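Source file: structure-v3.txt; contents: compact mmCIF, C-alpha atoms.
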# COMPACT_ATOMS: atom_id res chain seq x y z
CA MET F 985 154.41 25.25 148.37
CA LYS F 986 152.80 28.68 147.99
CA HIS F 987 151.57 28.55 151.59
CA HIS F 988 155.09 27.82 152.82
CA PHE F 989 156.43 30.71 150.76
CA ASP F 990 153.83 33.04 152.33
CA ILE F 991 154.89 31.88 155.81
CA ALA F 992 158.61 32.31 155.07
CA LEU F 993 158.12 35.79 153.63
CA THR F 994 155.95 36.87 156.55
CA ALA F 995 158.43 35.45 159.06
CA ILE F 996 161.07 37.95 157.91
CA ALA F 997 159.13 40.74 159.65
CA PRO F 998 159.22 39.43 163.26
CA VAL F 999 162.84 38.30 162.84
CA VAL F 1000 163.76 41.89 161.93
CA TRP F 1001 161.56 43.29 164.70
CA GLY F 1002 163.59 41.32 167.20
CA SER F 1003 166.48 43.65 166.42
CA THR F 1004 164.44 46.66 167.57
CA TYR F 1005 165.48 46.11 171.17
CA TYR F 1006 169.19 45.99 170.32
CA VAL F 1007 168.96 49.09 168.11
CA THR F 1008 166.92 50.98 170.73
CA THR F 1009 169.35 50.37 173.57
CA GLU F 1010 172.56 50.70 171.54
CA TYR F 1011 171.79 53.38 168.93
CA LEU F 1012 168.98 55.65 170.17
CA PRO F 1013 169.03 58.38 172.84
CA ASP F 1014 167.65 57.21 176.15
CA GLY F 1015 164.33 58.52 177.49
CA TYR F 1016 162.38 59.38 174.33
CA PRO F 1017 160.24 56.29 173.58
CA ILE F 1018 157.25 58.06 172.00
CA THR F 1019 159.45 60.45 169.99
CA MET F 1020 161.46 57.52 168.65
CA ALA F 1021 158.24 55.71 167.73
CA ALA F 1022 157.03 58.79 165.83
CA LEU F 1023 160.36 59.11 164.01
CA ARG F 1024 160.07 55.47 163.02
CA ALA F 1025 156.46 55.52 161.82
CA LEU F 1026 155.83 58.88 160.16
CA PRO F 1027 158.84 59.07 157.79
CA ALA F 1028 158.23 55.45 156.72
CA GLY F 1029 154.54 56.17 156.11
CA LEU F 1030 155.19 59.34 154.13
CA LEU F 1031 157.81 57.59 152.01
CA LEU F 1032 155.40 54.78 151.17
CA LEU F 1033 152.60 57.29 150.60
CA ILE F 1034 154.74 59.06 147.99
CA LEU F 1035 155.32 55.72 146.27
CA ALA F 1036 151.65 54.67 146.54
CA ARG F 1037 150.27 58.04 145.32
CA GLN F 1038 146.85 57.27 146.77
CA LEU F 1039 145.00 58.68 149.78
CA PRO F 1040 142.24 56.89 151.70
CA HIS F 1041 138.67 57.41 150.55
CA GLY F 1042 135.30 57.18 152.29
CA VAL F 1043 135.25 54.94 155.35
CA TRP F 1044 138.94 54.16 154.91
CA TRP F 1045 139.92 57.49 156.46
CA MET F 1046 138.46 56.30 159.76
CA ARG F 1047 139.71 52.75 159.37
CA ALA F 1048 143.22 53.87 158.49
CA PHE F 1049 143.45 55.89 161.71
CA VAL F 1050 141.92 53.11 163.85
CA LEU F 1051 144.34 50.54 162.44
CA GLY F 1052 147.22 53.01 162.58
CA ALA F 1053 146.47 53.71 166.23
CA LEU F 1054 146.35 49.99 167.14
CA ASN F 1055 149.25 48.74 165.02
CA PHE F 1056 151.56 51.70 165.50
CA THR F 1057 150.55 54.53 167.86
CA LEU F 1058 149.71 52.40 170.90
CA PHE F 1059 151.82 49.39 169.98
CA TRP F 1060 155.04 51.25 169.22
CA ALA F 1061 154.74 53.73 172.08
CA LEU F 1062 154.35 50.83 174.51
CA LEU F 1063 156.99 48.80 172.67
CA PHE F 1064 159.60 51.53 173.11
CA VAL F 1065 158.66 51.96 176.77
CA ALA F 1066 159.22 48.22 177.26
CA ALA F 1067 162.47 48.33 175.26
CA TYR F 1068 163.86 51.14 177.40
CA ARG F 1069 162.83 49.62 180.73
CA LEU F 1070 163.62 45.94 180.09
CA PRO F 1071 166.59 44.00 178.71
CA GLY F 1072 166.19 43.25 174.99
CA GLY F 1073 165.30 39.58 175.21
CA VAL F 1074 162.92 40.17 178.12
CA ALA F 1075 161.16 43.07 176.40
CA ALA F 1076 160.67 41.05 173.24
CA THR F 1077 159.24 38.05 175.08
CA VAL F 1078 156.64 39.90 177.16
CA GLY F 1079 154.43 40.22 174.08
CA ALA F 1080 154.14 36.45 173.84
CA ILE F 1081 150.54 36.70 175.00
CA GLN F 1082 149.58 38.19 171.62
CA PRO F 1083 148.94 34.90 169.70
CA LEU F 1084 146.52 33.76 172.41
CA ILE F 1085 144.73 37.11 172.24
CA VAL F 1086 144.47 36.84 168.46
CA VAL F 1087 142.97 33.34 168.61
CA PHE F 1088 140.02 34.57 170.67
CA LEU F 1089 139.66 37.91 168.89
CA ALA F 1090 139.53 36.09 165.55
CA ALA F 1091 136.72 33.93 166.92
CA LEU F 1092 134.84 36.99 168.14
CA LEU F 1093 135.33 39.31 165.16
CA LEU F 1094 135.92 36.95 162.24
CA GLY F 1095 133.80 33.97 163.24
CA ARG F 1096 136.81 31.63 163.33
CA THR F 1097 136.61 28.45 165.37
CA VAL F 1098 138.80 28.41 168.47
CA LYS F 1099 140.93 25.36 167.72
CA ALA F 1100 142.48 23.51 170.63
CA SER F 1101 145.72 23.13 168.68
CA ALA F 1102 145.98 26.90 168.24
CA VAL F 1103 145.44 27.49 171.96
CA VAL F 1104 148.00 24.80 172.82
CA ALA F 1105 150.50 26.37 170.42
CA ALA F 1106 150.00 29.79 172.02
CA LEU F 1107 150.40 28.38 175.53
CA ILE F 1108 153.54 26.46 174.59
CA GLY F 1109 154.95 29.63 173.06
CA MET F 1110 154.16 31.62 176.19
CA PHE F 1111 155.86 28.97 178.35
CA GLY F 1112 158.83 28.94 176.00
CA VAL F 1113 159.36 32.67 176.19
CA GLY F 1114 158.87 32.43 179.93
CA LEU F 1115 161.90 30.16 180.05
CA LEU F 1116 163.79 32.69 177.98
CA VAL F 1117 162.92 35.38 180.54
CA LEU F 1118 163.68 33.25 183.60
CA GLY F 1119 166.96 32.18 182.10
CA SER F 1120 168.16 35.74 181.71
CA GLY F 1121 168.71 36.22 185.46
CA VAL F 1122 167.59 39.86 185.54
CA SER F 1123 165.02 41.81 187.52
CA LEU F 1124 161.80 42.71 185.73
CA ASP F 1125 160.49 46.27 185.77
CA PRO F 1126 156.68 46.26 186.36
CA VAL F 1127 156.04 49.28 184.12
CA GLY F 1128 158.03 47.65 181.33
CA ILE F 1129 156.09 44.40 181.72
CA LEU F 1130 152.72 46.19 181.61
CA ALA F 1131 153.82 48.19 178.58
CA GLY F 1132 154.80 45.00 176.77
CA ILE F 1133 151.48 43.31 177.53
CA GLY F 1134 149.52 46.41 176.50
CA GLY F 1135 151.42 46.54 173.23
CA ALA F 1136 150.62 42.89 172.55
CA ILE F 1137 146.90 43.50 173.09
CA SER F 1138 146.96 46.54 170.81
CA MET F 1139 148.71 44.79 167.94
CA GLY F 1140 146.58 41.68 168.41
CA MET F 1141 143.45 43.75 167.85
CA GLY F 1142 145.12 45.53 164.93
CA THR F 1143 146.05 42.22 163.30
CA VAL F 1144 142.51 40.87 163.46
CA LEU F 1145 140.90 44.11 162.25
CA THR F 1146 143.40 44.37 159.39
CA ARG F 1147 142.20 40.93 158.27
CA LYS F 1148 138.55 41.87 158.80
CA TRP F 1149 138.82 45.15 156.88
CA GLN F 1150 140.34 44.07 153.57
CA ALA F 1151 141.28 47.32 151.85
CA PRO F 1152 140.73 47.34 148.04
CA VAL F 1153 144.25 48.66 147.43
CA PRO F 1154 147.79 47.25 147.07
CA LEU F 1155 149.73 46.19 150.17
CA LEU F 1156 152.14 49.11 149.85
CA THR F 1157 149.18 51.50 150.07
CA ILE F 1158 147.76 49.74 153.13
CA ALA F 1159 151.12 50.03 154.90
CA ALA F 1160 151.42 53.68 153.83
CA TRP F 1161 148.00 54.63 155.22
CA GLN F 1162 148.51 52.90 158.56
CA LEU F 1163 152.09 54.05 159.12
CA THR F 1164 151.22 57.66 158.25
CA ALA F 1165 148.10 57.69 160.44
CA GLY F 1166 149.92 56.03 163.32
CA GLY F 1167 152.84 58.45 163.01
CA LEU F 1168 150.58 61.50 162.91
CA LEU F 1169 148.90 60.35 166.13
CA LEU F 1170 152.28 59.80 167.80
CA VAL F 1171 153.55 63.33 167.12
CA PRO F 1172 151.26 65.21 169.59
CA LEU F 1173 151.85 62.52 172.22
CA ALA F 1174 155.60 62.99 171.87
CA LEU F 1175 155.31 66.78 172.07
CA PHE F 1176 153.08 66.63 175.15
CA PHE F 1177 154.69 63.85 177.20
CA GLU F 1178 158.38 64.10 176.37
CA PRO F 1179 161.07 66.83 176.52
CA THR F 1180 162.62 68.32 173.42
CA LEU F 1181 164.82 65.84 171.59
CA PRO F 1182 168.52 66.72 171.95
CA ALA F 1183 170.88 67.02 168.99
CA LEU F 1184 171.29 63.62 167.36
CA ASP F 1185 174.65 62.16 166.37
CA THR F 1186 175.52 59.92 163.43
CA LYS F 1187 174.87 56.78 165.46
CA ASN F 1188 171.38 57.98 166.39
CA PHE F 1189 170.54 58.78 162.77
CA ALA F 1190 171.76 55.35 161.68
CA GLY F 1191 169.49 53.67 164.23
CA ILE F 1192 166.46 55.73 163.21
CA ALA F 1193 167.13 55.10 159.52
CA TYR F 1194 167.32 51.35 160.11
CA LEU F 1195 164.09 51.26 162.11
CA THR F 1196 162.31 53.46 159.55
CA LEU F 1197 163.36 51.83 156.29
CA ILE F 1198 163.89 48.20 157.34
CA GLY F 1199 162.03 47.87 160.63
CA ALA F 1200 158.92 49.69 159.39
CA ALA F 1201 158.53 50.35 155.65
CA LEU F 1202 159.79 46.97 154.42
CA THR F 1203 158.69 44.66 157.20
CA TYR F 1204 155.12 45.96 157.48
CA ILE F 1205 154.50 45.45 153.78
CA LEU F 1206 155.55 41.82 154.32
CA TRP F 1207 153.50 41.54 157.52
CA PHE F 1208 150.28 42.94 156.04
CA ARG F 1209 150.77 40.62 153.07
CA GLY F 1210 150.88 37.71 155.48
CA VAL F 1211 147.86 38.95 157.45
CA SER F 1212 145.84 39.01 154.21
CA ARG F 1213 146.84 35.44 153.22
CA ILE F 1214 147.42 33.44 156.42
CA GLU F 1215 144.97 32.69 159.21
CA PRO F 1216 145.25 35.31 162.01
CA GLY F 1217 146.27 32.80 164.68
CA ALA F 1218 148.95 31.32 162.46
CA VAL F 1219 150.42 34.64 161.37
CA SER F 1220 150.39 35.87 164.96
CA ALA F 1221 152.29 32.75 166.07
CA LEU F 1222 155.12 33.88 163.82
CA GLY F 1223 155.52 36.76 166.25
CA PHE F 1224 157.30 34.32 168.57
CA LEU F 1225 160.27 34.71 166.22
CA SER F 1226 160.73 38.27 167.52
CA PRO F 1227 161.78 37.35 171.08
CA LEU F 1228 163.85 34.48 169.75
CA SER F 1229 165.61 36.86 167.38
CA ALA F 1230 166.20 39.37 170.19
CA VAL F 1231 167.75 36.74 172.45
CA VAL F 1232 169.98 35.41 169.66
CA ILE F 1233 171.14 38.96 168.84
CA GLY F 1234 171.89 39.58 172.51
CA TRP F 1235 173.90 36.35 172.61
CA VAL F 1236 175.81 36.84 169.36
CA VAL F 1237 176.32 40.62 169.29
CA LEU F 1238 176.31 41.65 172.95
CA GLY F 1239 177.86 38.51 174.40
CA GLN F 1240 174.91 37.86 176.72
CA ALA F 1241 174.82 34.40 178.27
CA LEU F 1242 172.52 31.79 176.75
CA THR F 1243 171.68 29.27 179.46
CA PRO F 1244 170.36 25.72 178.99
CA THR F 1245 166.99 26.96 180.25
CA GLN F 1246 166.88 29.61 177.57
CA SER F 1247 167.89 27.04 174.96
CA ALA F 1248 164.97 24.85 176.04
CA GLY F 1249 162.70 27.91 175.81
CA ALA F 1250 163.92 28.56 172.27
CA GLY F 1251 163.08 24.97 171.34
CA LEU F 1252 159.56 25.38 172.74
CA VAL F 1253 159.12 28.64 170.85
CA LEU F 1254 160.02 26.93 167.56
CA THR F 1255 157.63 24.09 168.42
CA ALA F 1256 154.86 26.61 169.09
CA ILE F 1257 155.45 28.29 165.75
CA TRP F 1258 155.26 24.94 163.95
CA LEU F 1259 152.04 23.98 165.76
CA GLY F 1260 150.59 27.41 165.08
CA GLN F 1261 151.12 27.01 161.35
CA ARG F 1262 149.52 23.53 161.38
CA ALA F 1263 146.54 24.92 163.29
CA GLY F 1264 146.22 27.65 160.66
CA ARG F 1265 145.97 25.19 157.77
CA VAL F 1266 142.18 25.30 157.54
CA SER F 1267 139.78 25.36 154.66
CA ARG F 1268 138.72 28.91 153.99
CA PRO F 1269 136.89 30.67 151.19
CA VAL F 1270 138.97 32.13 148.43
CA LEU F 1271 138.96 35.91 148.63
CA GLN F 1272 137.98 37.72 145.49
CA LYS F 1273 140.73 39.83 144.02
CA PRO F 1274 140.01 43.40 145.14
CA HIS F 1275 139.56 46.16 142.63
CA VAL F 1276 142.57 48.44 142.74
CA HIS F 1277 141.75 52.10 142.35
CA THR F 1278 144.18 53.74 139.97
CA PRO F 1279 145.39 57.12 141.27
CA THR F 1280 144.65 60.09 139.05

Show the structure stored in the file as structure tokens.
Amino acid sequence: MKHHFDIALTAIAPVVWGSTYYVTTEYLPDGYPITMAALRALPAGLLLLILARQLPHGVWWMRAFVLGALNFTLFWALLFVAAYRLPGGVAATVGAIQPLIVVFLAALLLGRTVKASAVVAALIGMFGVGLLVLGSGVSLDPVGILAGIGGAISMGMGTVLTRKWQAPVPLLTIAAWQLTAGGLLLVPLALFFEPTLPALDTKNFAGIAYLTLIGAALTYILWFRGVSRIEPGAVSALGFLSPLSAVVIGWVVLGQALTPTQSAGAGLVLTAIWLGQRAGRVSRPVLQKPHVHTPT
């Protein structure tokens, strides 16, 4: 029962992330992907850092910036590029390669066994999201596709290293460190590569606020909680919910067509998630409860 609760709580994050593509295209100014990523990460990180009241110490300064770069700087910059250059459902589904990446990275870095069922689940999920893409009847921008794949690789590495480097602090603090570090790294990239952000209207502020408070601060606490409790391959398989969520939002909110092919793809995605969770039910050592440093 507890395992199922962990899965359900973690699944909230990718479901919410699926809305990123709708919010980006409908609420944010066009042409500022890195700036938007910085405005999503840094305010969320600073808010959580105020609540956590604890800075990194020792080796965790370096690890916080490495993880922040993988999970946020590279991932979000590429994510926003994909979101701007591809339709929402397509952009969300390109990252479907991530669970397969995580399976092999977990074997390499964590010593996990590469289970055939986990590989099959990842392949089924990739095929399922492929049907979602093919069913959309749109042209695919090569730069957007490459950005989506690069983002999947970055977050896949970040997921595995987050599990490998178990920080001796609460989950809120872990999210605060990584979001702040990732946001700080995004700022100079935005200043160098993108023009000055124009004046924002109420709609823009609403979109940024949603992505900051809900799409970053809340969801990444839930996600890192899941990464610390669920096998990497299984938690990564939950990421398939993101493209499914994006396609459903496009269908319900934007009136985009949902073809029989896409419906079949959605069924395969759900099957892949189910298989991924079964593959993740392995015997593993119980982690000792980390010592939590009390801020002074």

Subject >> Surrounding residues of F:Ala1090 excluding itself and chain neighbours under 4 positions, 10 Å, only C-alpha atoms, as a PyMOL selection string >> reply: chain F and resi 1085-1086+1094-1098+1140-1141+1143-1145+1147-1148+1215-1217

I'd like a table as JSON lines: residues in stretch 1060-1154 of chain F with an atom no more than 10 Å from stretch 1034-1045 of chain F, each row giving the shortest atom pair and its distance in Å to one decimal, all atoms listed in the file counted, sorted by chain and rising residue number.
{"residue": "F:Trp1149", "atom": "CA", "partner": "F:Trp1044", "partner_atom": "CA", "distance": 9.2}
{"residue": "F:Ala1151", "atom": "CA", "partner": "F:Trp1044", "partner_atom": "CA", "distance": 7.9}
{"residue": "F:Pro1152", "atom": "CA", "partner": "F:Trp1044", "partner_atom": "CA", "distance": 9.8}
{"residue": "F:Val1153", "atom": "CA", "partner": "F:Gln1038", "partner_atom": "CA", "distance": 9.0}
{"residue": "F:Pro1154", "atom": "CA", "partner": "F:Ala1036", "partner_atom": "CA", "distance": 8.4}

Subject >> Pairwise distance for atom CA of F:Ser1226 and atom CA of F:Ser1247, rounded to one decimal in Å >> reply: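 Atom CA of F:Ser1226 sits 15.3 Å away from atom CA of F:Ser1247.
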
**OP:** Go through F:Gly1249, F:Gly1223, F:Gly1134, F:Pro1013 one by one, measure the shortest atom-to-atom distance of each to F:Ala1190 using only C-alpha atoms, and give the residue with the smallest value.
**Re:** F:Pro1013

Original post:
When distances are computed from only C-alpha atoms, which of F:Leu1012, F:Leu1058, F:Phe1049, F:Met1139 shows the smallest separation from F:Ala1183?
Top reply: F:Leu1012

Original post:
atom CA of F:Lys986 and atom CA of F:Ser1212 are how many Å apart?
Top reply: 13.9 Å

**OP:** Would you mind listing what lies within 10 Å of F:Phe1177 as number ranges by chain, with only C-alpha atoms counted and same-chain residues fewer than 3 positions away left out?
**Re:** F: 1016, 1018-1019, 1172-1174, 1180

Subject >> Contacts of stretch 1256-1261 of chain F at 6 Å (only C-alpha atoms; same-chain gap of 5+ positions) as a ChimeraX atom specification >> reply: /F:1102,1105,1108-1109,1218,1221-1222

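Shortest separation to F:Leu1252 among F:Tyr1204, F:Leu1130, F:Leu1054, F:Gly1114 occurs at residue F:Gly1114, atoms counted being all atoms listed in the file.
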
Original post:
Could you name the residues that touch F:Ala1193 at 12 Å or less, counting all atoms listed in the file, but leaving out those on the same chain fewer than 6 positions away, as JSON, numbers by chain?
Top reply: {"F": [1004, 1007, 1008, 1011, 1012, 1020, 1023, 1024, 1025, 1026, 1027, 1028, 1186, 1187, 1199, 1200, 1201]}

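Excluding F:Ala1160 and any residue on its chain fewer than 4 positions from it, the residues at most 8 Å away by all atoms listed in the file are Ala1028, Gly1029, Leu1030, Leu1031, Leu1032, Leu1033, Ala1036, Leu1156 and Thr1164 of chain F.
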
Original post:
Interatomic distance between atom CA of F:Ser1138 and atom CA of F:Val1171?
Top reply: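 Atom-to-atom, atom CA of F:Ser1138 to atom CA of F:Val1171, that is 18.4 Å.
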
Where's the centre, and what are the edge lengths in Å to one decimal, of a box along x, y and z enclosing all listed atoms of stretch 1005-1012 of chain F padded 3 Å per side, as lines of an AutoDock Vina configuration file?
center_x = 169.0
center_y = 50.8
center_z = 170.8
size_x = 13.1
size_y = 15.7
size_z = 11.5

Subject >> Pick from F:Ala1263, F:Leu1115, F:Val1232, F:Ile1133, whichever lies nearest to F:Pro1244 using all atoms listed in the file >> reply: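 Once distances to F:Pro1244 are computed over all atoms listed in the file, the minimum belongs to F:Leu1115.
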
**OP:** Rank F:Arg1262, F:Gly1052, F:Gln1246, F:Gly1210 by their smallest atom-to-atom distance to F:Phe989, using only C-alpha atoms, and report the top residue only.
**Re:** F:Gly1210

Original post:
Between F:Ile996, F:Ile991, F:Gln1082, F:Ala1021, which one has atoms that come closest to F:Ile1192, using all atoms listed in the file?
Top reply: F:Ala1021

Since the input has fewer atoms than a full residue there, write stretch 999-1033 of chain F out with N, CA and C atoms, as a short mmCIF file (atom, residue, chain, number, x, y, z; two decimals), in the frame of the given file.
data_model
loop_
_atom_site.label_atom_id
_atom_site.label_comp_id
_atom_site.auth_asym_id
_atom_site.auth_seq_id
_atom_site.Cartn_x
_atom_site.Cartn_y
_atom_site.Cartn_z
N VAL F 999 161.40 38.50 162.63
CA VAL F 999 162.84 38.30 162.84
C VAL F 999 163.54 39.66 162.88
N VAL F 1000 163.18 40.55 161.95
CA VAL F 1000 163.76 41.89 161.93
C VAL F 1000 163.32 42.68 163.15
N TRP F 1001 162.05 42.55 163.54
CA TRP F 1001 161.56 43.29 164.70
C TRP F 1001 162.30 42.93 165.97
N GLY F 1002 162.82 41.71 166.03
CA GLY F 1002 163.59 41.32 167.20
C GLY F 1002 164.83 42.17 167.40
N SER F 1003 165.31 42.79 166.32
CA SER F 1003 166.48 43.65 166.42
C SER F 1003 166.14 45.03 166.96
N THR F 1004 164.85 45.35 167.07
CA THR F 1004 164.44 46.66 167.57
C THR F 1004 165.01 46.95 168.95
N TYR F 1005 165.04 45.93 169.79
CA TYR F 1005 165.48 46.11 171.17
C TYR F 1005 166.98 46.40 171.23
N TYR F 1006 167.75 45.72 170.39
CA TYR F 1006 169.19 45.99 170.32
C TYR F 1006 169.44 47.40 169.79
N VAL F 1007 168.76 47.77 168.72
CA VAL F 1007 168.96 49.09 168.11
C VAL F 1007 168.53 50.19 169.09
N THR F 1008 167.42 49.98 169.79
CA THR F 1008 166.92 50.98 170.73
C THR F 1008 167.93 51.25 171.84
N THR F 1009 168.46 50.20 172.43
CA THR F 1009 169.35 50.37 173.57
C THR F 1009 170.76 50.78 173.16
N GLU F 1010 171.19 50.44 171.95
CA GLU F 1010 172.56 50.70 171.54
C GLU F 1010 172.73 51.93 170.64
N TYR F 1011 171.65 52.33 169.94
CA TYR F 1011 171.79 53.38 168.93
C TYR F 1011 170.93 54.62 169.17
N LEU F 1012 169.90 54.52 170.01
CA LEU F 1012 168.98 55.65 170.17
C LEU F 1012 169.19 56.35 171.50
N PRO F 1013 168.90 57.66 171.57
CA PRO F 1013 169.03 58.38 172.84
C PRO F 1013 168.03 57.85 173.87
N ASP F 1014 168.46 57.78 175.09
CA ASP F 1014 167.65 57.21 176.15
C ASP F 1014 166.59 58.20 176.62
N GLY F 1015 165.37 57.70 176.88
CA GLY F 1015 164.33 58.52 177.49
C GLY F 1015 163.35 59.18 176.56
N TYR F 1016 163.30 58.76 175.29
CA TYR F 1016 162.38 59.38 174.33
C TYR F 1016 161.60 58.30 173.55
N PRO F 1017 160.89 57.41 174.26
CA PRO F 1017 160.24 56.29 173.58
C PRO F 1017 159.18 56.70 172.56
N ILE F 1018 158.33 57.67 172.91
CA ILE F 1018 157.25 58.06 172.00
C ILE F 1018 157.83 58.84 170.81
N THR F 1019 158.80 59.70 171.07
CA THR F 1019 159.45 60.45 169.99
C THR F 1019 160.11 59.50 169.01
N MET F 1020 160.80 58.49 169.52
CA MET F 1020 161.46 57.52 168.65
C MET F 1020 160.43 56.73 167.83
N ALA F 1021 159.29 56.41 168.46
CA ALA F 1021 158.24 55.71 167.73
C ALA F 1021 157.69 56.57 166.60
N ALA F 1022 157.51 57.87 166.87
CA ALA F 1022 157.03 58.79 165.83
C ALA F 1022 158.03 58.91 164.70
N LEU F 1023 159.31 58.99 165.03
CA LEU F 1023 160.36 59.11 164.01
C LEU F 1023 160.51 57.82 163.21
N ARG F 1024 160.05 56.74 163.76
CA ARG F 1024 160.07 55.47 163.02
C ARG F 1024 158.87 55.35 162.10
N ALA F 1025 157.69 55.75 162.58
CA ALA F 1025 156.46 55.52 161.82
C ALA F 1025 156.22 56.56 160.73
N LEU F 1026 156.27 57.84 161.09
CA LEU F 1026 155.83 58.88 160.16
C LEU F 1026 156.71 58.98 158.90
N PRO F 1027 158.04 59.02 159.03
CA PRO F 1027 158.84 59.07 157.79
C PRO F 1027 158.62 57.85 156.90
N ALA F 1028 158.47 56.66 157.51
CA ALA F 1028 158.23 55.45 156.72
C ALA F 1028 156.89 55.55 156.00
N GLY F 1029 155.87 56.04 156.72
CA GLY F 1029 154.54 56.17 156.11
C GLY F 1029 154.53 57.17 154.98
N LEU F 1030 155.17 58.32 155.18
CA LEU F 1030 155.19 59.34 154.13
C LEU F 1030 155.97 58.86 152.90
N LEU F 1031 157.06 58.13 153.13
CA LEU F 1031 157.81 57.59 152.01
C LEU F 1031 156.96 56.63 151.19
N LEU F 1032 156.27 55.72 151.88
CA LEU F 1032 155.40 54.78 151.17
C LEU F 1032 154.22 55.48 150.52
N LEU F 1033 153.73 56.55 151.16
CA LEU F 1033 152.60 57.29 150.60
C LEU F 1033 153.00 57.98 149.29
#
